[in-house]
Number of protein chains: 2
Amino acid sequence: MGTRRGIPEATVARLPVYHRVLTSLNEVGVATVSSEELANASGVSSAKLRKDLSHLGSYGTRGVGYDVEFLVYQIARELGLTQDWPVVIVGVGNLGRALANYGGFASRGFRIVGLLDADPNLVGKDVAIAPGLRVRHLDELERVVREAEPAIAVIATPAEAAQSVCDRVVAAGMTSILNFAPVVLGVPDRVEVRKVDLATELQILAFHEQRRTRDDDLVVSAGGAL
Amino acid sequence: MGTRRGIPEATVARLPVYHRVLTSLNEVGVATVSSEELANASGVSSAKLRKDLSHLGSYGTRGVGYDVEFLVYQIARELGLTQDWPVVIVGVGNLGRALANYGGFASRGFRIVGLLDADPNLVGKDVAIAPGLRVRHLDELERVVREAEPAIAVIATPAEAAQSVCDRVVAAGMTSILNFAPVVLGVPDRVEVRKVDLATELQILAFHEQRRTRDDDLVVSAGGAL
DNA sequence: CGGTGTGAATTCATTCACAGCG
DNA sequence: CGCTGTGAATGAATTCACACCG
């Protein structure tokens, strides 16, 4: 039976993908999927998918597969998507704006309750699709946190500002941070930080691209020598 | 001695962080760091850092530490940052624009050679800081690839367009893709895809936030019962 | 029969702890 | 003496392979 306690971190990181794929399937009217099908659509092996789902419980039917609608709900519940998550975004440059207008948030329980920036020229602007959500000055951070009680902050400021914004966010009592600034944030143990780093991702691709090229050369050389 | 062949994937993913931290230290004039210091600044344990660096070679000095400038160069070389990486960005919405204007790219050898979009209203616009880089129509993709020979494509389109853009990118001969669209891209084995998914990251945070809250409740209940 | 769920085997990553070098 | 580099120990994630159930 599903272990209930302690879902492995690697599994948690894949649940959002399964959730999205299942949601699509559901919208198209698919009622049932096998682990093989769902795995293919999610870009993982079927063994991995079954092991992942087994951590949530025995939600499949042997010889048949998984009920799409039921599974969507179970994953959503496990991830906490069935509740409302107020979020503040600090830093309203191109990236912050892109985030503010990203539809994927609202549909999954994430509700932007604050768009904050230190630049007076941006304050008061209406940059988001969200109804009447204007940019407020960074100094209103504490007020926003008191009023809307967001647990999650998104930091989309320039690198130089990130740590001090982070400190204020933590001081205001928030406990989860999604950091887009290219710096390693220092936080107390109780605060969870995840980072998304565009340059890092490109560098990892470059590494593999380089390795590929080098290896091709080796193969060619070796081939020539034979 | 450093194994030379096959640096572990987990290590590769951390090298960009070390590289950035070391670059900062170098700019501030620090000549030497210990594994302890560099590890702290990078948010990892010193044992992990030493093991990571050991895969590149024996670049430290016992009793002293690492020469900052030398190590920056070694990591850069390993990651392929010492060469020029032409990159195309497909999709020039807020996110694509944020990427186009992100300074961290140029400074690490990534050079944007194409900004492409299917929207005629965007074509011809000058959205990037980059000198004279105007948005071109998606149909020019093949031409851009032929002329500038980029290996890496960044996909920042809406979800609906991502797979067809991906297919064209692959058909044009590119082999590395950084995908920001919230879909699982299907590609041939030879093509490497990395994805950055904003909604996924928030969902992982929400999961932990929810767990934290649940556990707190348990602690409180248990405490009350004693 | 077909496909899930899962122990067992394997591979990959992290941590420990210390020998040995500068 | 201090700090690197690394085998050995531990832990986490993936893959295998098949018992078992609908």
# chains A, B, ... in the order shown; residues from 1 in each chain; ligands from 1
>>> calpha_fit_and_write(fixed="chain A", moving="chain B", output="PDB file with C-alpha atoms, in the first residue's frame")
ATOM      1  CA  MET B   1      -0.089   0.122   0.062  1.00  0.00           C
ATOM      2  CA  GLY B   2       0.998   3.746  -0.345  1.00  0.00           C
ATOM      3  CA  THR B   3       3.379   4.755   2.404  1.00  0.00           C
ATOM      4  CA  ARG B   4       1.558   7.936   3.323  1.00  0.00           C
ATOM      5  CA  ARG B   5       4.557   9.295   5.267  1.00  0.00           C
ATOM      6  CA  GLY B   6       7.326  11.082   3.412  1.00  0.00           C
ATOM      7  CA  ILE B   7       6.929  11.206  -0.331  1.00  0.00           C
ATOM      8  CA  PRO B   8      10.414  11.232  -1.919  1.00  0.00           C
ATOM      9  CA  GLU B   9      11.538  14.620  -3.135  1.00  0.00           C
ATOM     10  CA  ALA B  10      12.152  13.330  -6.661  1.00  0.00           C
ATOM     11  CA  THR B  11       8.560  12.159  -6.790  1.00  0.00           C
ATOM     12  CA  VAL B  12       7.205  15.483  -5.544  1.00  0.00           C
ATOM     13  CA  ALA B  13       9.085  17.231  -8.330  1.00  0.00           C
ATOM     14  CA  ARG B  14       7.309  15.099 -10.931  1.00  0.00           C
ATOM     15  CA  LEU B  15       3.783  15.260  -9.553  1.00  0.00           C
ATOM     16  CA  PRO B  16       3.105  18.681 -11.106  1.00  0.00           C
ATOM     17  CA  VAL B  17       3.887  17.230 -14.528  1.00  0.00           C
ATOM     18  CA  TYR B  18       1.535  14.302 -14.052  1.00  0.00           C
ATOM     19  CA  HIS B  19      -1.074  16.713 -12.788  1.00  0.00           C
ATOM     20  CA  ARG B  20      -0.828  18.869 -15.852  1.00  0.00           C
ATOM     21  CA  VAL B  21      -0.887  15.966 -18.281  1.00  0.00           C
ATOM     22  CA  LEU B  22      -3.857  14.411 -16.512  1.00  0.00           C
ATOM     23  CA  THR B  23      -5.700  17.721 -16.552  1.00  0.00           C
ATOM     24  CA  SER B  24      -5.250  17.904 -20.311  1.00  0.00           C
ATOM     25  CA  LEU B  25      -6.441  14.340 -20.762  1.00  0.00           C
ATOM     26  CA  ASN B  26      -9.435  15.077 -18.599  1.00  0.00           C
ATOM     27  CA  GLU B  27     -10.352  18.130 -20.650  1.00  0.00           C
ATOM     28  CA  VAL B  28     -10.204  16.053 -23.807  1.00  0.00           C
ATOM     29  CA  GLY B  29     -12.577  13.558 -22.232  1.00  0.00           C
ATOM     30  CA  VAL B  30     -10.209  10.660 -21.595  1.00  0.00           C
ATOM     31  CA  ALA B  31     -11.555   8.689 -18.633  1.00  0.00           C
ATOM     32  CA  THR B  32      -8.794   6.141 -18.057  1.00  0.00           C
ATOM     33  CA  VAL B  33      -5.031   5.891 -18.643  1.00  0.00           C
ATOM     34  CA  SER B  34      -2.522   3.133 -18.235  1.00  0.00           C
ATOM     35  CA  SER B  35       0.813   3.812 -16.562  1.00  0.00           C
ATOM     36  CA  GLU B  36       2.405   3.286 -19.952  1.00  0.00           C
ATOM     37  CA  GLU B  37       0.337   6.008 -21.621  1.00  0.00           C
ATOM     38  CA  LEU B  38       0.622   8.512 -18.822  1.00  0.00           C
ATOM     39  CA  ALA B  39       4.340   7.872 -18.560  1.00  0.00           C
ATOM     40  CA  ASN B  40       4.881   8.489 -22.265  1.00  0.00           C
ATOM     41  CA  ALA B  41       2.923  11.718 -22.162  1.00  0.00           C
ATOM     42  CA  SER B  42       4.939  12.829 -19.135  1.00  0.00           C
ATOM     43  CA  GLY B  43       8.345  11.904 -20.476  1.00  0.00           C
ATOM     44  CA  VAL B  44       9.205   9.278 -17.853  1.00  0.00           C
ATOM     45  CA  SER B  45       9.379   5.493 -17.732  1.00  0.00           C
ATOM     46  CA  SER B  46       6.259   3.574 -16.752  1.00  0.00           C
ATOM     47  CA  ALA B  47       8.042   1.897 -13.846  1.00  0.00           C
ATOM     48  CA  LYS B  48       8.993   5.280 -12.452  1.00  0.00           C
ATOM     49  CA  LEU B  49       5.477   6.555 -12.854  1.00  0.00           C
ATOM     50  CA  ARG B  50       3.960   3.571 -11.074  1.00  0.00           C
ATOM     51  CA  LYS B  51       6.445   3.833  -8.244  1.00  0.00           C
ATOM     52  CA  ASP B  52       5.705   7.554  -7.939  1.00  0.00           C
ATOM     53  CA  LEU B  53       1.973   7.032  -7.785  1.00  0.00           C
ATOM     54  CA  SER B  54       2.340   4.158  -5.350  1.00  0.00           C
ATOM     55  CA  HIS B  55       3.604   6.675  -2.795  1.00  0.00           C
ATOM     56  CA  LEU B  56       0.230   8.382  -2.851  1.00  0.00           C
ATOM     57  CA  GLY B  57      -1.786   5.231  -2.435  1.00  0.00           C
ATOM     58  CA  SER B  58      -3.289   2.431  -4.499  1.00  0.00           C
ATOM     59  CA  TYR B  59      -5.329   4.519  -6.858  1.00  0.00           C
ATOM     60  CA  GLY B  60      -5.137   2.323  -9.955  1.00  0.00           C
ATOM     61  CA  THR B  61      -7.138  -0.679 -11.086  1.00  0.00           C
ATOM     62  CA  ARG B  62      -5.182  -3.763 -12.137  1.00  0.00           C
ATOM     63  CA  GLY B  63      -5.760  -4.761 -15.687  1.00  0.00           C
ATOM     64  CA  VAL B  64      -7.264  -1.357 -16.431  1.00  0.00           C
ATOM     65  CA  GLY B  65      -5.254   1.665 -15.390  1.00  0.00           C
ATOM     66  CA  TYR B  66      -6.028   4.881 -13.549  1.00  0.00           C
ATOM     67  CA  ASP B  67      -9.232   6.881 -13.463  1.00  0.00           C
ATOM     68  CA  VAL B  68      -8.139  10.250 -14.811  1.00  0.00           C
ATOM     69  CA  GLU B  69     -10.471  12.492 -12.874  1.00  0.00           C
ATOM     70  CA  PHE B  70      -9.899  10.701  -9.608  1.00  0.00           C
ATOM     71  CA  LEU B  71      -6.136  10.780 -10.022  1.00  0.00           C
ATOM     72  CA  VAL B  72      -6.109  14.473 -10.903  1.00  0.00           C
ATOM     73  CA  TYR B  73      -7.870  15.158  -7.661  1.00  0.00           C
ATOM     74  CA  GLN B  74      -5.619  12.963  -5.552  1.00  0.00           C
ATOM     75  CA  ILE B  75      -2.475  14.584  -6.909  1.00  0.00           C
ATOM     76  CA  ALA B  76      -3.952  18.057  -6.502  1.00  0.00           C
ATOM     77  CA  ARG B  77      -4.779  17.322  -2.911  1.00  0.00           C
ATOM     78  CA  GLU B  78      -1.328  15.932  -2.236  1.00  0.00           C
ATOM     79  CA  LEU B  79       0.326  19.004  -3.727  1.00  0.00           C
ATOM     80  CA  GLY B  80      -1.962  21.346  -1.872  1.00  0.00           C
ATOM     81  CA  LEU B  81      -3.577  22.682  -5.030  1.00  0.00           C
ATOM     82  CA  THR B  82      -7.026  22.328  -3.554  1.00  0.00           C
ATOM     83  CA  GLN B  83      -6.362  25.275  -1.316  1.00  0.00           C
ATOM     84  CA  ASP B  84      -5.777  28.930  -1.988  1.00  0.00           C
ATOM     85  CA  TRP B  85      -2.181  30.160  -2.032  1.00  0.00           C
ATOM     86  CA  PRO B  86      -1.742  33.919  -1.862  1.00  0.00           C
ATOM     87  CA  VAL B  87       1.536  34.946  -3.491  1.00  0.00           C
ATOM     88  CA  VAL B  88       3.486  38.188  -3.674  1.00  0.00           C
ATOM     89  CA  ILE B  89       5.797  39.050  -6.533  1.00  0.00           C
ATOM     90  CA  VAL B  90       8.651  41.394  -5.770  1.00  0.00           C
ATOM     91  CA  GLY B  91      10.300  43.000  -8.776  1.00  0.00           C
ATOM     92  CA  VAL B  92       8.122  44.009 -11.683  1.00  0.00           C
ATOM     93  CA  GLY B  93      10.511  44.129 -14.599  1.00  0.00           C
ATOM     94  CA  ASN B  94       9.916  42.070 -17.732  1.00  0.00           C
ATOM     95  CA  LEU B  95      10.242  38.876 -15.781  1.00  0.00           C
ATOM     96  CA  GLY B  96       7.949  39.908 -12.948  1.00  0.00           C
ATOM     97  CA  ARG B  97       5.403  41.034 -15.508  1.00  0.00           C
ATOM     98  CA  ALA B  98       5.668  37.731 -17.351  1.00  0.00           C
ATOM     99  CA  LEU B  99       5.005  35.935 -14.099  1.00  0.00           C
ATOM    100  CA  ALA B 100       2.105  38.216 -13.180  1.00  0.00           C
ATOM    101  CA  ASN B 101       0.429  37.437 -16.466  1.00  0.00           C
ATOM    102  CA  TYR B 102       1.110  33.738 -16.531  1.00  0.00           C
ATOM    103  CA  GLY B 103      -2.229  31.990 -16.594  1.00  0.00           C
ATOM    104  CA  GLY B 104      -0.935  28.759 -15.139  1.00  0.00           C
ATOM    105  CA  PHE B 105      -0.863  30.252 -11.662  1.00  0.00           C
ATOM    106  CA  ALA B 106      -4.435  31.250 -11.070  1.00  0.00           C
ATOM    107  CA  SER B 107      -5.780  27.984 -12.386  1.00  0.00           C
ATOM    108  CA  ARG B 108      -3.855  26.073  -9.719  1.00  0.00           C
ATOM    109  CA  GLY B 109      -4.788  27.979  -6.628  1.00  0.00           C
ATOM    110  CA  PHE B 110      -2.033  30.572  -6.738  1.00  0.00           C
ATOM    111  CA  ARG B 111      -3.450  34.049  -6.372  1.00  0.00           C
ATOM    112  CA  ILE B 112      -1.282  37.123  -6.706  1.00  0.00           C
ATOM    113  CA  VAL B 113      -2.034  39.467  -3.832  1.00  0.00           C
ATOM    114  CA  GLY B 114       0.831  41.875  -4.294  1.00  0.00           C
ATOM    115  CA  LEU B 115       3.066  43.253  -7.031  1.00  0.00           C
ATOM    116  CA  LEU B 116       5.871  45.213  -5.430  1.00  0.00           C
ATOM    117  CA  ASP B 117       8.747  47.243  -6.791  1.00  0.00           C
ATOM    118  CA  ALA B 118      11.191  49.810  -5.481  1.00  0.00           C
ATOM    119  CA  ASP B 119      11.005  51.911  -8.635  1.00  0.00           C
ATOM    120  CA  PRO B 120       8.642  54.888  -8.144  1.00  0.00           C
ATOM    121  CA  ASN B 121       8.052  55.037 -11.899  1.00  0.00           C
ATOM    122  CA  LEU B 122       6.418  51.622 -11.803  1.00  0.00           C
ATOM    123  CA  VAL B 123       4.296  52.187  -8.714  1.00  0.00           C
ATOM    124  CA  GLY B 124       0.631  52.572  -9.528  1.00  0.00           C
ATOM    125  CA  LYS B 125       0.919  50.965 -12.950  1.00  0.00           C
ATOM    126  CA  ASP B 126      -1.491  48.318 -14.004  1.00  0.00           C
ATOM    127  CA  VAL B 127       0.765  45.681 -15.494  1.00  0.00           C
ATOM    128  CA  ALA B 128      -1.176  42.515 -14.804  1.00  0.00           C
ATOM    129  CA  ILE B 129      -4.151  40.949 -16.427  1.00  0.00           C
ATOM    130  CA  ALA B 130      -5.352  40.383 -12.890  1.00  0.00           C
ATOM    131  CA  PRO B 131      -8.267  42.620 -12.008  1.00  0.00           C
ATOM    132  CA  GLY B 132      -7.166  45.953 -10.610  1.00  0.00           C
ATOM    133  CA  LEU B 133      -3.839  44.779  -9.280  1.00  0.00           C
ATOM    134  CA  ARG B 134      -1.555  47.763  -9.379  1.00  0.00           C
ATOM    135  CA  VAL B 135       2.131  47.873  -8.587  1.00  0.00           C
ATOM    136  CA  ARG B 136       2.775  48.996  -5.030  1.00  0.00           C
ATOM    137  CA  HIS B 137       5.935  50.311  -3.512  1.00  0.00           C
ATOM    138  CA  LEU B 138       8.246  47.830  -1.854  1.00  0.00           C
ATOM    139  CA  ASP B 139       7.711  49.619   1.438  1.00  0.00           C
ATOM    140  CA  GLU B 140       4.182  48.285   1.511  1.00  0.00           C
ATOM    141  CA  LEU B 141       5.481  44.722   1.687  1.00  0.00           C
ATOM    142  CA  GLU B 142       4.862  44.348   5.404  1.00  0.00           C
ATOM    143  CA  ARG B 143       1.348  45.717   5.075  1.00  0.00           C
ATOM    144  CA  VAL B 144       0.524  43.343   2.231  1.00  0.00           C
ATOM    145  CA  VAL B 145       1.838  40.384   4.206  1.00  0.00           C
ATOM    146  CA  ARG B 146      -0.212  41.372   7.246  1.00  0.00           C
ATOM    147  CA  GLU B 147      -3.383  41.803   5.235  1.00  0.00           C
ATOM    148  CA  ALA B 148      -3.269  38.909   2.778  1.00  0.00           C
ATOM    149  CA  GLU B 149      -1.017  36.525   4.686  1.00  0.00           C
ATOM    150  CA  PRO B 150       0.815  35.082   1.699  1.00  0.00           C
ATOM    151  CA  ALA B 151       3.198  32.223   2.509  1.00  0.00           C
ATOM    152  CA  ILE B 152       5.019  32.335  -0.808  1.00  0.00           C
ATOM    153  CA  ALA B 153       7.113  35.156  -2.246  1.00  0.00           C
ATOM    154  CA  VAL B 154       8.491  35.304  -5.754  1.00  0.00           C
ATOM    155  CA  ILE B 155      11.667  37.341  -6.062  1.00  0.00           C
ATOM    156  CA  ALA B 156      12.228  38.702  -9.558  1.00  0.00           C
ATOM    157  CA  THR B 157      14.475  41.637  -8.758  1.00  0.00           C
ATOM    158  CA  PRO B 158      17.943  42.378 -10.066  1.00  0.00           C
ATOM    159  CA  ALA B 159      20.699  40.405  -8.353  1.00  0.00           C
ATOM    160  CA  GLU B 160      21.862  43.343  -6.247  1.00  0.00           C
ATOM    161  CA  ALA B 161      18.491  43.819  -4.577  1.00  0.00           C
ATOM    162  CA  ALA B 162      17.605  40.161  -4.034  1.00  0.00           C
ATOM    163  CA  GLN B 163      19.210  39.500  -0.657  1.00  0.00           C
ATOM    164  CA  SER B 164      17.818  42.596   1.034  1.00  0.00           C
ATOM    165  CA  VAL B 165      14.369  41.918  -0.397  1.00  0.00           C
ATOM    166  CA  CYS B 166      14.724  38.347   0.831  1.00  0.00           C
ATOM    167  CA  ASP B 167      15.591  39.537   4.321  1.00  0.00           C
ATOM    168  CA  ARG B 168      12.500  41.725   4.436  1.00  0.00           C
ATOM    169  CA  VAL B 169      10.312  38.942   3.116  1.00  0.00           C
ATOM    170  CA  VAL B 170      11.617  36.586   5.800  1.00  0.00           C
ATOM    171  CA  ALA B 171      11.302  39.225   8.522  1.00  0.00           C
ATOM    172  CA  ALA B 172       7.692  39.742   7.481  1.00  0.00           C
ATOM    173  CA  GLY B 173       7.080  36.093   8.247  1.00  0.00           C
ATOM    174  CA  MET B 174       6.965  34.393   4.870  1.00  0.00           C
ATOM    175  CA  THR B 175       8.377  30.882   4.716  1.00  0.00           C
ATOM    176  CA  SER B 176       8.653  29.920   1.043  1.00  0.00           C
ATOM    177  CA  ILE B 177      10.572  31.764  -1.639  1.00  0.00           C
ATOM    178  CA  LEU B 178      10.888  31.241  -5.360  1.00  0.00           C
ATOM    179  CA  ASN B 179      14.013  33.086  -6.430  1.00  0.00           C
ATOM    180  CA  PHE B 180      14.702  34.191  -9.996  1.00  0.00           C
ATOM    181  CA  ALA B 181      17.630  36.443  -9.162  1.00  0.00           C
ATOM    182  CA  PRO B 182      21.034  34.947  -9.954  1.00  0.00           C
ATOM    183  CA  VAL B 183      22.318  34.862  -6.390  1.00  0.00           C
ATOM    184  CA  VAL B 184      22.420  32.310  -3.607  1.00  0.00           C
ATOM    185  CA  LEU B 185      20.034  33.605  -0.966  1.00  0.00           C
ATOM    186  CA  GLY B 186      20.884  33.228   2.681  1.00  0.00           C
ATOM    187  CA  VAL B 187      17.858  32.356   4.824  1.00  0.00           C
ATOM    188  CA  PRO B 188      17.100  30.753   8.189  1.00  0.00           C
ATOM    189  CA  ASP B 189      16.561  26.984   8.181  1.00  0.00           C
ATOM    190  CA  ARG B 190      12.809  27.225   8.513  1.00  0.00           C
ATOM    191  CA  VAL B 191      12.507  29.057   5.196  1.00  0.00           C
ATOM    192  CA  GLU B 192      12.428  27.053   1.984  1.00  0.00           C
ATOM    193  CA  VAL B 193      13.984  28.533  -1.129  1.00  0.00           C
ATOM    194  CA  ARG B 194      13.812  27.232  -4.650  1.00  0.00           C
ATOM    195  CA  LYS B 195      15.703  28.914  -7.413  1.00  0.00           C
ATOM    196  CA  VAL B 196      15.151  29.212 -11.107  1.00  0.00           C
ATOM    197  CA  ASP B 197      18.265  30.276 -12.884  1.00  0.00           C
ATOM    198  CA  LEU B 198      18.173  30.952 -16.581  1.00  0.00           C
ATOM    199  CA  ALA B 199      21.922  31.280 -16.996  1.00  0.00           C
ATOM    200  CA  THR B 200      22.545  28.049 -15.115  1.00  0.00           C
ATOM    201  CA  GLU B 201      20.235  26.114 -17.388  1.00  0.00           C
ATOM    202  CA  LEU B 202      21.941  27.452 -20.486  1.00  0.00           C
ATOM    203  CA  GLN B 203      25.311  26.550 -19.048  1.00  0.00           C
ATOM    204  CA  ILE B 204      24.225  22.985 -18.418  1.00  0.00           C
ATOM    205  CA  LEU B 205      23.057  22.738 -22.008  1.00  0.00           C
ATOM    206  CA  ALA B 206      26.332  24.205 -23.204  1.00  0.00           C
ATOM    207  CA  PHE B 207      28.237  21.622 -21.206  1.00  0.00           C
ATOM    208  CA  HIS B 208      26.410  18.755 -22.869  1.00  0.00           C
ATOM    209  CA  GLU B 209      26.605  20.400 -26.254  1.00  0.00           C
ATOM    210  CA  GLN B 210      30.340  20.771 -25.845  1.00  0.00           C
ATOM    211  CA  ARG B 211      30.726  17.195 -24.681  1.00  0.00           C
ATOM    212  CA  ARG B 212      28.733  15.985 -27.635  1.00  0.00           C
ATOM    213  CA  THR B 213      30.970  17.869 -30.025  1.00  0.00           C
ATOM    214  CA  ARG B 214      34.126  16.639 -28.336  1.00  0.00           C
ATOM    215  CA  ASP B 215      32.905  13.058 -28.423  1.00  0.00           C
ATOM    216  CA  ASP B 216      31.958  13.356 -32.073  1.00  0.00           C
ATOM    217  CA  ASP B 217      35.503  14.514 -32.794  1.00  0.00           C
ATOM    218  CA  LEU B 218      36.862  11.528 -30.928  1.00  0.00           C
ATOM    219  CA  VAL B 219      34.654   9.157 -32.866  1.00  0.00           C
ATOM    220  CA  VAL B 220      35.713  10.733 -36.131  1.00  0.00           C
ATOM    221  CA  SER B 221      39.392  10.563 -35.192  1.00  0.00           C
ATOM    222  CA  ALA B 222      39.108   6.990 -34.040  1.00  0.00           C
ATOM    223  CA  GLY B 223      37.179   6.085 -37.159  1.00  0.00           C
ATOM    224  CA  GLY B 224      39.844   7.720 -39.324  1.00  0.00           C
ATOM    225  CA  ALA B 225      42.589   5.857 -37.523  1.00  0.00           C
ATOM    226  CA  LEU B 226      41.119   2.458 -38.084  1.00  0.00           C
TER     227      LEU B 226
END
>>> interface_residues(of="chain C", to="chain B", cutoff="8 Å", atoms="only C-alpha atoms (C1' of nucleotides)", output="list in words")
DA13, DT14, DT15, DC21 and DG22 of chain C
>>> closest_atom_pairs(of="chain D", to="chain B", cutoff="9 Å", atoms="only C-alpha atoms (C1' of nucleotides)", output="JSON lines")
{"residue": "D:DC1", "atom": "C1'", "partner": "B:Gly63", "partner_atom": "CA", "distance": 8.1}
{"residue": "D:DG2", "atom": "C1'", "partner": "B:Gly63", "partner_atom": "CA", "distance": 4.6}
{"residue": "D:DC3", "atom": "C1'", "partner": "B:Gly63", "partner_atom": "CA", "distance": 4.1}
{"residue": "D:DT4", "atom": "C1'", "partner": "B:Arg62", "partner_atom": "CA", "distance": 4.6}
{"residue": "D:DG5", "atom": "C1'", "partner": "B:Ser54", "partner_atom": "CA", "distance": 6.8}
{"residue": "D:DT6", "atom": "C1'", "partner": "B:Lys51", "partner_atom": "CA", "distance": 8.1}
>>> select_by_dssp(residues="region 17-95 of chain B", states="alpha helix (DSSP H)", output="PyMOL selection string")
chain B and resi 17-27+35-42+46-54+68-79+94-95
>>> atom_distance(atom1="C1' of DC1 (chain C)", atom2="C1' of DT14 (chain D)")
27.7 Å
>>> residues_around(residues="region 7-11 of chain C", least_positions_apart="5", cutoff="12 Å", atoms="only C-alpha atoms (C1' of nucleotides)", output="PyMOL selection string")
(chain A and resi 51) or (chain D and resi 12-19)
>>> write_last_selection(atoms="N, CA, C and O atoms (P, O5', C5', C4', C3', O3' and C1' of nucleotides)", output="PDB file, in the first residue's frame")
ATOM      1  N   LYS A  51       5.897   3.739  -9.571  1.00  0.00           N
ATOM      2  CA  LYS A  51       6.506   3.886  -8.245  1.00  0.00           C
ATOM      3  C   LYS A  51       6.096   5.233  -7.630  1.00  0.00           C
ATOM      4  O   LYS A  51       5.742   5.300  -6.447  1.00  0.00           O
TER       5      LYS A  51
ATOM      6  P    DA D  12      17.863   9.012   2.750  1.00  0.00           P
ATOM      7  O5'  DA D  12      17.803   9.228   1.178  1.00  0.00           O
ATOM      8  C5'  DA D  12      18.655  10.190   0.546  1.00  0.00           C
ATOM      9  C4'  DA D  12      18.430  10.114  -0.938  1.00  0.00           C
ATOM     10  C3'  DA D  12      16.959   9.919  -1.347  1.00  0.00           C
ATOM     11  O3'  DA D  12      16.693  10.833  -2.395  1.00  0.00           O
ATOM     12  C1'  DA D  12      18.322   8.201  -2.270  1.00  0.00           C
ATOM     13  P    DA D  13      15.303  10.842  -3.179  1.00  0.00           P
ATOM     14  O5'  DA D  13      15.639  10.012  -4.489  1.00  0.00           O
ATOM     15  C5'  DA D  13      16.673  10.468  -5.338  1.00  0.00           C
ATOM     16  C4'  DA D  13      16.739   9.578  -6.557  1.00  0.00           C
ATOM     17  C3'  DA D  13      15.405   9.338  -7.243  1.00  0.00           C
ATOM     18  O3'  DA D  13      15.576   9.652  -8.613  1.00  0.00           O
ATOM     19  C1'  DA D  13      16.499   7.282  -6.772  1.00  0.00           C
ATOM     20  P    DT D  14      14.445   9.344  -9.682  1.00  0.00           P
ATOM     21  O5'  DT D  14      14.946   7.936 -10.244  1.00  0.00           O
ATOM     22  C5'  DT D  14      16.234   7.863 -10.817  1.00  0.00           C
ATOM     23  C4'  DT D  14      16.491   6.456 -11.310  1.00  0.00           C
ATOM     24  C3'  DT D  14      15.444   5.922 -12.289  1.00  0.00           C
ATOM     25  O3'  DT D  14      16.156   5.486 -13.432  1.00  0.00           O
ATOM     26  C1'  DT D  14      15.879   4.348 -10.572  1.00  0.00           C
ATOM     27  P    DT D  15      15.408   5.041 -14.757  1.00  0.00           P
ATOM     28  O5'  DT D  15      15.507   3.456 -14.648  1.00  0.00           O
ATOM     29  C5'  DT D  15      16.795   2.863 -14.529  1.00  0.00           C
ATOM     30  C4'  DT D  15      16.631   1.393 -14.205  1.00  0.00           C
ATOM     31  C3'  DT D  15      15.655   0.655 -15.138  1.00  0.00           C
ATOM     32  O3'  DT D  15      16.393  -0.388 -15.764  1.00  0.00           O
ATOM     33  C1'  DT D  15      15.270   0.122 -12.845  1.00  0.00           C
ATOM     34  P    DC D  16      15.712  -1.401 -16.783  1.00  0.00           P
ATOM     35  O5'  DC D  16      15.474  -2.684 -15.870  1.00  0.00           O
ATOM     36  C5'  DC D  16      16.463  -2.992 -14.901  1.00  0.00           C
ATOM     37  C4'  DC D  16      16.102  -4.278 -14.168  1.00  0.00           C
ATOM     38  C3'  DC D  16      15.276  -5.259 -14.972  1.00  0.00           C
ATOM     39  O3'  DC D  16      15.777  -6.548 -14.653  1.00  0.00           O
ATOM     40  C1'  DC D  16      14.120  -4.700 -12.987  1.00  0.00           C
ATOM     41  P    DA D  17      15.375  -7.850 -15.443  1.00  0.00           P
ATOM     42  O5'  DA D  17      14.155  -8.417 -14.578  1.00  0.00           O
ATOM     43  C5'  DA D  17      14.405  -8.950 -13.282  1.00  0.00           C
ATOM     44  C4'  DA D  17      13.084  -9.458 -12.717  1.00  0.00           C
ATOM     45  C3'  DA D  17      12.193 -10.157 -13.749  1.00  0.00           C
ATOM     46  O3'  DA D  17      11.336 -11.050 -13.058  1.00  0.00           O
ATOM     47  C1'  DA D  17      11.064  -8.339 -12.949  1.00  0.00           C
ATOM     48  P    DC D  18      11.366 -12.579 -13.360  1.00  0.00           P
ATOM     49  O5'  DC D  18      10.226 -13.019 -12.357  1.00  0.00           O
ATOM     50  C5'  DC D  18      10.214 -12.481 -11.045  1.00  0.00           C
ATOM     51  C4'  DC D  18       8.809 -12.090 -10.629  1.00  0.00           C
ATOM     52  C3'  DC D  18       7.686 -12.889 -11.322  1.00  0.00           C
ATOM     53  O3'  DC D  18       6.704 -13.186 -10.352  1.00  0.00           O
ATOM     54  C1'  DC D  18       7.235 -10.627 -11.429  1.00  0.00           C
ATOM     55  P    DA D  19       6.413 -14.765 -10.077  1.00  0.00           P
ATOM     56  O5'  DA D  19       5.833 -14.752  -8.587  1.00  0.00           O
ATOM     57  C5'  DA D  19       6.374 -13.885  -7.594  1.00  0.00           C
ATOM     58  C4'  DA D  19       5.269 -13.075  -6.915  1.00  0.00           C
ATOM     59  C3'  DA D  19       3.950 -13.829  -6.718  1.00  0.00           C
ATOM     60  O3'  DA D  19       3.399 -13.415  -5.481  1.00  0.00           O
ATOM     61  C1'  DA D  19       3.567 -11.910  -8.044  1.00  0.00           C
TER      62       DA D  19
END
>>> select_by_dssp(residues="region 10-186 of chain B", states="strand (DSSP E or B)", output="PyMOL selection string")
chain B and resi 32-33+60-61+65-67+85-90+110-117+135-137+152-155+176-179
>>> residues_around(residues="DG7 (chain D)", least_positions_apart="3", cutoff="12 Å", atoms="only C-alpha atoms (C1' of nucleotides)", output="VMD selection string")
(chain B and resid 51) or (chain C and resid 16 to 19)
